[in-house]
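*Asks:* Here you go, final-v4.txt (compact mmCIF, C-alpha atoms):
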```
# COMPACT_ATOMS: atom_id res chain seq x y z
CA MET A 1 -20.93 -19.05 -24.01
CA LYS A 2 -20.62 -15.78 -22.09
CA ARG A 3 -17.04 -14.83 -21.22
CA ILE A 4 -16.19 -13.37 -17.82
CA LEU A 5 -12.96 -11.73 -16.65
CA ILE A 6 -12.02 -12.04 -12.97
CA VAL A 7 -9.51 -9.46 -11.71
CA GLU A 8 -8.46 -10.80 -8.30
CA ASP A 9 -5.05 -11.10 -6.64
CA ASP A 10 -6.14 -13.82 -4.20
CA GLN A 11 -5.77 -16.90 -6.39
CA SER A 12 -7.78 -19.18 -4.09
CA ILE A 13 -10.78 -16.84 -4.16
CA ALA A 14 -10.45 -16.37 -7.92
CA ASN A 15 -10.30 -20.13 -8.51
CA LEU A 16 -13.41 -20.70 -6.40
CA GLN A 17 -15.32 -18.04 -8.35
CA LYS A 18 -14.09 -19.53 -11.61
CA ASP A 19 -15.19 -23.06 -10.68
CA TYR A 20 -18.74 -22.04 -9.82
CA LEU A 21 -19.12 -19.80 -12.86
CA GLU A 22 -17.85 -22.52 -15.19
CA LEU A 23 -20.26 -25.02 -13.62
CA SER A 24 -23.00 -22.52 -14.53
CA GLY A 25 -21.92 -22.48 -18.17
CA TYR A 26 -19.64 -19.42 -18.33
CA SER A 27 -16.16 -19.16 -19.80
CA VAL A 28 -13.80 -17.56 -17.28
CA LYS A 29 -10.32 -16.01 -17.36
CA ILE A 30 -8.41 -14.93 -14.24
CA VAL A 31 -5.83 -12.15 -14.01
CA ASN A 32 -4.15 -11.01 -10.81
CA SER A 33 -3.56 -7.27 -11.29
CA GLY A 34 -5.26 -4.18 -12.61
CA SER A 35 -2.82 -3.74 -15.47
CA GLU A 36 -3.39 -7.33 -16.59
CA GLY A 37 -7.12 -6.75 -16.41
CA LEU A 38 -7.01 -3.66 -18.61
CA ALA A 39 -4.73 -5.43 -21.09
CA ALA A 40 -7.14 -8.38 -21.29
CA LEU A 41 -10.07 -6.05 -21.95
CA GLU A 42 -8.38 -4.42 -24.93
CA GLY A 43 -9.39 -7.39 -27.06
CA LYS A 44 -13.12 -6.89 -26.31
CA GLU A 45 -13.39 -10.61 -25.57
CA PHE A 46 -15.47 -10.44 -22.40
CA GLU A 47 -19.10 -9.72 -21.52
CA LEU A 48 -18.64 -8.98 -17.79
CA VAL A 49 -15.87 -8.15 -15.30
CA ILE A 50 -15.62 -9.18 -11.65
CA LEU A 51 -13.19 -6.65 -10.20
CA ASP A 52 -11.57 -6.70 -6.76
CA ILE A 53 -10.87 -3.28 -5.25
CA MET A 54 -7.62 -4.17 -3.46
CA LEU A 55 -5.08 -5.05 -6.14
CA PRO A 56 -1.27 -5.15 -5.96
CA ASP A 57 -0.49 -2.53 -8.61
CA THR A 58 -3.47 -0.17 -8.40
CA ASP A 59 -6.87 -0.09 -6.76
CA GLY A 60 -9.99 -1.33 -8.47
CA PHE A 61 -11.48 2.16 -8.54
CA GLU A 62 -8.74 3.33 -10.91
CA VAL A 63 -9.23 0.26 -13.08
CA LEU A 64 -12.98 0.89 -13.14
CA ARG A 65 -12.45 4.53 -14.08
CA THR A 66 -10.32 3.48 -17.05
CA ILE A 67 -12.84 0.86 -18.14
CA ARG A 68 -15.66 3.38 -18.08
CA GLU A 69 -13.72 5.72 -20.35
CA GLN A 70 -13.79 3.03 -23.02
CA ASP A 71 -16.61 0.57 -22.47
CA ASP A 72 -20.06 0.00 -20.95
CA ILE A 73 -19.36 -3.66 -20.10
CA PRO A 74 -20.99 -4.70 -16.79
CA VAL A 75 -18.53 -4.47 -13.88
CA LEU A 76 -19.16 -6.07 -10.49
CA LEU A 77 -16.92 -4.72 -7.73
CA VAL A 78 -16.02 -7.10 -4.91
CA SER A 79 -14.36 -6.08 -1.67
CA ALA A 80 -13.99 -6.95 1.98
CA ARG A 81 -14.71 -3.29 2.76
CA ALA A 82 -18.35 -2.92 3.75
CA GLU A 83 -18.24 0.82 4.53
CA GLU A 84 -20.84 2.83 2.68
CA ILE A 85 -18.26 5.26 1.27
CA TYR A 86 -16.66 2.44 -0.73
CA LYS A 87 -20.00 1.46 -2.21
CA ILE A 88 -20.82 5.09 -3.04
CA ASN A 89 -17.44 5.57 -4.73
CA GLY A 90 -17.78 2.39 -6.74
CA LEU A 91 -21.31 3.06 -7.92
CA GLY A 92 -20.44 6.68 -8.61
CA LEU A 93 -17.62 5.59 -10.90
CA GLY A 94 -20.00 3.41 -12.89
CA ALA A 95 -19.94 -0.03 -11.25
CA ASP A 96 -23.07 -2.08 -11.90
CA ASP A 97 -22.94 -3.77 -8.52
CA TYR A 98 -20.93 -3.92 -5.29
CA ILE A 99 -20.56 -7.26 -3.52
CA THR A 100 -19.06 -7.46 -0.02
CA LYS A 101 -16.79 -10.38 0.88
CA PRO A 102 -17.41 -12.99 2.04
CA PHE A 103 -20.28 -13.89 -0.28
CA SER A 104 -21.70 -17.20 -1.39
CA SER A 105 -20.84 -18.59 -4.78
CA GLY A 106 -24.54 -18.94 -5.47
CA GLU A 107 -25.04 -15.22 -4.88
CA LEU A 108 -22.18 -14.40 -7.24
CA VAL A 109 -23.56 -16.57 -10.02
CA ALA A 110 -27.05 -15.11 -9.55
CA ARG A 111 -25.76 -11.53 -9.76
CA VAL A 112 -23.60 -12.28 -12.78
CA SER A 113 -26.56 -13.85 -14.57
CA ALA A 114 -28.87 -10.95 -13.70
CA HIS A 115 -26.44 -8.28 -14.93
CA LEU A 116 -25.68 -10.12 -18.16
CA LYS A 117 -29.39 -10.42 -18.92
CA LYS A 118 -29.95 -6.76 -18.08
CA PHE A 119 -27.07 -5.69 -20.32
CA GLU A 120 -28.45 -7.74 -23.21
CA ARG A 121 -31.83 -6.08 -22.82
CA MET A 122 -30.21 -2.66 -22.81
CA LYS A 123 -28.24 -3.44 -25.97
CA GLU A 124 -31.37 -4.64 -27.74
CA ARG A 125 -33.35 -1.58 -26.72
CA PHE A 126 -30.72 1.14 -27.03
CA GLY A 127 -28.11 -0.34 -29.36
CA LYS A 128 -26.70 1.43 -32.40
CA GLY A 129 -29.15 -0.30 -34.66
CA ASN A 130 -32.01 1.45 -32.85
CA GLU A 131 -30.63 4.98 -32.99
CA ARG A 132 -33.39 6.16 -35.35
CA SER A 133 -36.20 4.12 -33.88
CA HIS A 134 -38.68 5.02 -31.19
CA ILE A 135 -37.66 4.06 -27.67
CA GLN A 136 -40.50 3.56 -25.23
CA VAL A 137 -40.24 2.98 -21.49
CA ARG A 138 -43.63 2.78 -19.85
CA GLY A 139 -45.37 6.08 -20.78
CA LEU A 140 -42.20 7.78 -22.02
CA GLU A 141 -41.38 7.71 -25.75
CA ILE A 142 -38.29 9.16 -27.42
CA GLN A 143 -37.82 9.60 -31.16
CA HIS A 144 -34.13 9.82 -31.98
CA ASP A 145 -34.42 11.04 -35.56
CA SER A 146 -36.79 13.93 -34.88
CA ARG A 147 -35.51 14.56 -31.31
CA ARG A 148 -39.06 14.51 -29.96
CA VAL A 149 -40.26 13.33 -26.56
CA PHE A 150 -43.76 12.17 -25.64
CA VAL A 151 -45.25 11.42 -22.24
CA ASN A 152 -48.43 9.32 -22.31
CA GLY A 153 -48.89 10.33 -25.94
CA ASN A 154 -48.46 14.06 -25.34
CA GLU A 155 -45.40 15.80 -26.74
CA VAL A 156 -43.19 17.72 -24.33
CA MET A 157 -40.66 20.26 -25.54
CA MET A 158 -37.03 19.59 -24.66
CA ALA A 159 -34.08 21.93 -24.97
CA GLN A 160 -31.06 20.46 -26.75
CA LYS A 161 -29.07 19.64 -23.62
CA GLU A 162 -32.13 18.30 -21.83
CA PHE A 163 -32.76 15.89 -24.71
CA ASP A 164 -29.10 14.83 -24.87
CA LEU A 165 -28.98 14.30 -21.11
CA LEU A 166 -32.18 12.25 -21.09
CA VAL A 167 -31.00 10.03 -23.95
CA PHE A 168 -27.59 9.50 -22.34
CA LEU A 169 -29.21 8.39 -19.09
CA LEU A 170 -31.56 6.11 -21.03
CA LYS A 171 -28.72 4.45 -22.91
CA HIS A 172 -27.02 3.73 -19.58
CA ALA A 173 -30.23 2.71 -17.83
CA ASN A 174 -29.98 1.24 -14.33
CA ARG A 175 -26.40 2.49 -13.97
CA VAL A 176 -25.54 5.21 -11.46
CA ILE A 177 -23.78 8.08 -13.24
CA SER A 178 -22.16 10.92 -11.34
CA LYS A 179 -22.96 14.58 -12.03
CA GLU A 180 -19.34 15.11 -12.99
CA GLU A 181 -19.44 12.43 -15.68
CA LEU A 182 -22.77 13.68 -17.02
CA PHE A 183 -21.42 17.22 -17.24
CA GLU A 184 -18.28 16.04 -19.04
CA ARG A 185 -20.20 13.83 -21.50
CA ILE A 186 -22.98 16.28 -22.34
CA TRP A 187 -21.33 19.68 -22.01
CA GLY A 188 -17.68 18.74 -22.60
CA MET A 189 -14.56 19.53 -20.63
CA ASP A 190 -14.28 23.03 -22.13
CA ALA A 191 -17.84 24.06 -21.32
CA LEU A 192 -18.47 26.99 -18.99
CA GLY A 193 -20.09 26.07 -15.71
CA ASP A 194 -19.81 23.09 -13.39
CA ALA A 195 -21.58 19.89 -12.39
CA SER A 196 -24.36 21.86 -10.65
CA THR A 197 -25.62 22.56 -14.18
CA VAL A 198 -26.62 18.89 -14.32
CA THR A 199 -28.80 19.25 -11.22
CA VAL A 200 -30.70 22.13 -12.80
CA HIS A 201 -31.28 20.23 -16.04
CA ILE A 202 -32.37 17.07 -14.24
CA ALA A 203 -34.94 19.11 -12.33
CA ARG A 204 -36.26 20.57 -15.60
CA ILE A 205 -36.46 17.14 -17.23
CA ARG A 206 -38.34 15.74 -14.25
CA GLU A 207 -40.84 18.58 -14.41
CA LYS A 208 -41.56 17.58 -18.01
CA ILE A 209 -41.64 13.78 -17.86
CA GLU A 210 -42.48 12.80 -14.28
CA GLU A 211 -46.04 12.63 -12.99
CA ASN A 212 -44.67 13.59 -9.57
CA PRO A 213 -41.15 15.09 -9.84
CA SER A 214 -40.61 14.65 -6.08
CA LYS A 215 -41.18 10.89 -6.49
CA PRO A 216 -39.64 10.18 -9.90
CA GLN A 217 -40.33 6.93 -11.72
CA TYR A 218 -37.75 7.51 -14.47
CA ILE A 219 -34.72 9.46 -13.20
CA GLY A 220 -33.80 8.59 -9.65
CA THR A 221 -31.23 10.24 -7.38
CA VAL A 222 -28.66 8.02 -5.69
CA TRP A 223 -27.52 10.26 -2.85
CA GLY A 224 -23.79 10.85 -2.83
CA SER A 225 -23.31 9.14 -6.20
CA GLY A 226 -25.41 10.65 -8.99
CA TYR A 227 -28.46 9.77 -11.07
CA ARG A 228 -29.91 6.58 -12.49
CA PHE A 229 -32.53 6.04 -15.20
CA MET A 230 -34.80 3.32 -13.82
CA ILE A 231 -36.03 0.57 -16.12
```
Could you take the file, read its structure, and then write that structure out as structure tokens?

*Replies:*
Amino acid sequence: MKRILIVEDDQSIANLQKDYLELSGYSVKIVNSGSEGLAALEGKEFELVILDIMLPDTDGFEVLRTIREQDDIPVLLVSARAEEIYKINGLGLGADDYITKPFSSGELVARVSAHLKKFERMKERFGKGNERSHIQVRGLEIQHDSRRVFVNGNEVMMAQKEFDLLVFLLKHANRVISKEELFERIWGMDALGDASTVTVHIARIREKIEENPSKPQYIGTVWGSGYRFMI
């Protein structure tokens, strides 16, 4: 039984979400603040988080930022704020989805189910047990052990950071990752340069793996948020 954590300060809304999710076969726990949510996640007991943005002790963006420093668990942001800037911020921080209130319980269950299935596929394809295996997505093949990349059977040469960047995006497929996070993860906080370095490297990778770099099928740009490897 998949376990879901709801972080929501409106108890009536949380209870309604819980009822529908439990009717669909999920195990659900409710907490009413960001600090309680982070404490609950320390035990690694959950497969997905439904996170409200407006919380009494901190906002959901800060909670999400902390989660992403530690875990890749799917996080669905929910909010009454429909402005695009909120969605951009949430996706840029690593949310897997953004749902605007009010929403139907059926929609919530469908999105939860879809993200859990997607996360399971990603774990099977890019999990630790597959670190030395070949990963293939359509015509793109990556060999972890030899650090080689092939496109439609033809090898393309990748610089070290290009390879690391490509693999990182692959392992977080379908998630929007900001340039700032990519720079920090691949180059490190002490590296010389800034997030614009990521843009240059993404362009180089696209030139090597995309049939048409201006219409990429692998690494997409989410304007205002970052990049996403598309499965």

*Asks:* Give me the residues within 9 Å of Ser79 of chain A as an MDAnalysis selection string, counting only C-alpha atoms and dropping any in the same chain fewer than 6 places off.

*Replies:* chainID A and resid 51:54 86 98:102

*Asks:* I'd like the contact shell of Asp164 of chain A - 12 Å cut-off, all atoms listed in the file, skipping same-chain residues fewer than 5 positions apart - returned as an NGL selection string.

*Replies:* :A and (142-144 or 147-149 or 158-159 or 169-171 or 182-183 or 185-187 or 198 or 201-202 or 205)

*Asks:* As an exercise, work out the distance from atom CA of Val112 of chain A to atom CA of Val63 of chain A in Å and give it to one decimal place.

*Replies:*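 Computing it gives 19.1 Å between the two atoms.
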
*Asks:* Rounded to one decimal, what separation in Å do you get between atom CA of Glu120 of chain A and atom CA of Pro74 of chain A?

*Replies:* 10.3 Å

*Asks:* Please, which residues are within 9 Å of (-33.1, 7.6, -13.0) by the file's coordinates, counting all atoms listed in the file, and could they come as an MDAnalysis selection string?

*Replies:* chainID A and resid 169:170 173:176 216:222 227:231

*Asks:* Report, in Å with one decimal, the straight-line distance from atom CA of Leu41 of chain A to atom CA of Leu108 of chain A.

*Replies:*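 If I compute the distance from atom CA of Leu41 of chain A to atom CA of Leu108 of chain A, I get 20.8 Å.
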
*Asks:* Restricting the calculation to all atoms listed in the file, which member of A:Val109, A:Ile30, A:Ala39, A:Leu140 is positioned closest to Gln11 of chain A?

*Replies:*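 Once distances to Gln11 of chain A are computed over all atoms listed in the file, the minimum belongs to A:Ile30.
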
*Asks:* Choose the residue, out of A:Lys179, A:His172, A:Arg204, A:Arg3, that has the smallest atom-to-atom separation from Arg121 of chain A; count only C-alpha atoms.

*Replies:*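 Closest residue, counting only C-alpha atoms: A:His172.
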
*Asks:* Can you tell me which residues surround Asn15 of chain A at a distance of at most 10 Å, considering all atoms listed in the file, apart from same-chain residues fewer than 3 positions away, and format the answer as JSON, numbers by chain?

*Replies:* {"A": [6, 8, 10, 11, 12, 18, 19, 20, 21, 28, 29, 30]}

*Asks:* Restricting the calculation to only C-alpha atoms: of A:Met1, A:Ile88, A:Val7, A:Leu16, which residue gets closest to Gly106 of chain A?

*Replies:*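 So, comparing all the options, the nearest one is A:Leu16.
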
*Asks:* For Asn152 of chain A, work out the shell of residues within 12 Å, counting only C-alpha atoms and skipping chain neighbours fewer than 3 positions away, then give it as a VMD selection string.

*Replies:* chain A and resid 136 to 142 149 155 to 156 208 to 211

*Asks:* Would you list the contacts of segment 89-97 of chain A as JSON, numbers by chain, taking every protein, DNA or RNA residue within 7 Å and counting only C-alpha atoms, but skipping same-chain residues closer than 4 positions in sequence?

*Replies:* {"A": [61, 64, 65, 68, 74, 75, 76, 77, 85, 175, 176, 177, 178, 225, 226]}

*Asks:* Centre and edge lengths of an axis-aligned box around all listed atoms of segment 2-20 of chain A, with 5 Å added on each side, are to be given in Å to one decimal, as AutoDock Vina command-line options.

*Replies:*
```
--center_x -12.8 --center_y -16.3 --center_z -13.1 --size_x 25.6 --size_y 23.6 --size_z 28.0
```

*Asks:* When distances are computed from only C-alpha atoms, which of A:Glu47, A:Glu181, A:Leu23, A:Arg206 shows the smallest separation from Asp194 of chain A?

*Replies:* A:Glu181

*Asks:* When you count all atoms listed in the file, which of these residues is closest to Lys118 of chain A: A:Ile73, A:Ser105, A:Gln160, A:Ala203?

*Replies:* A:Ile73
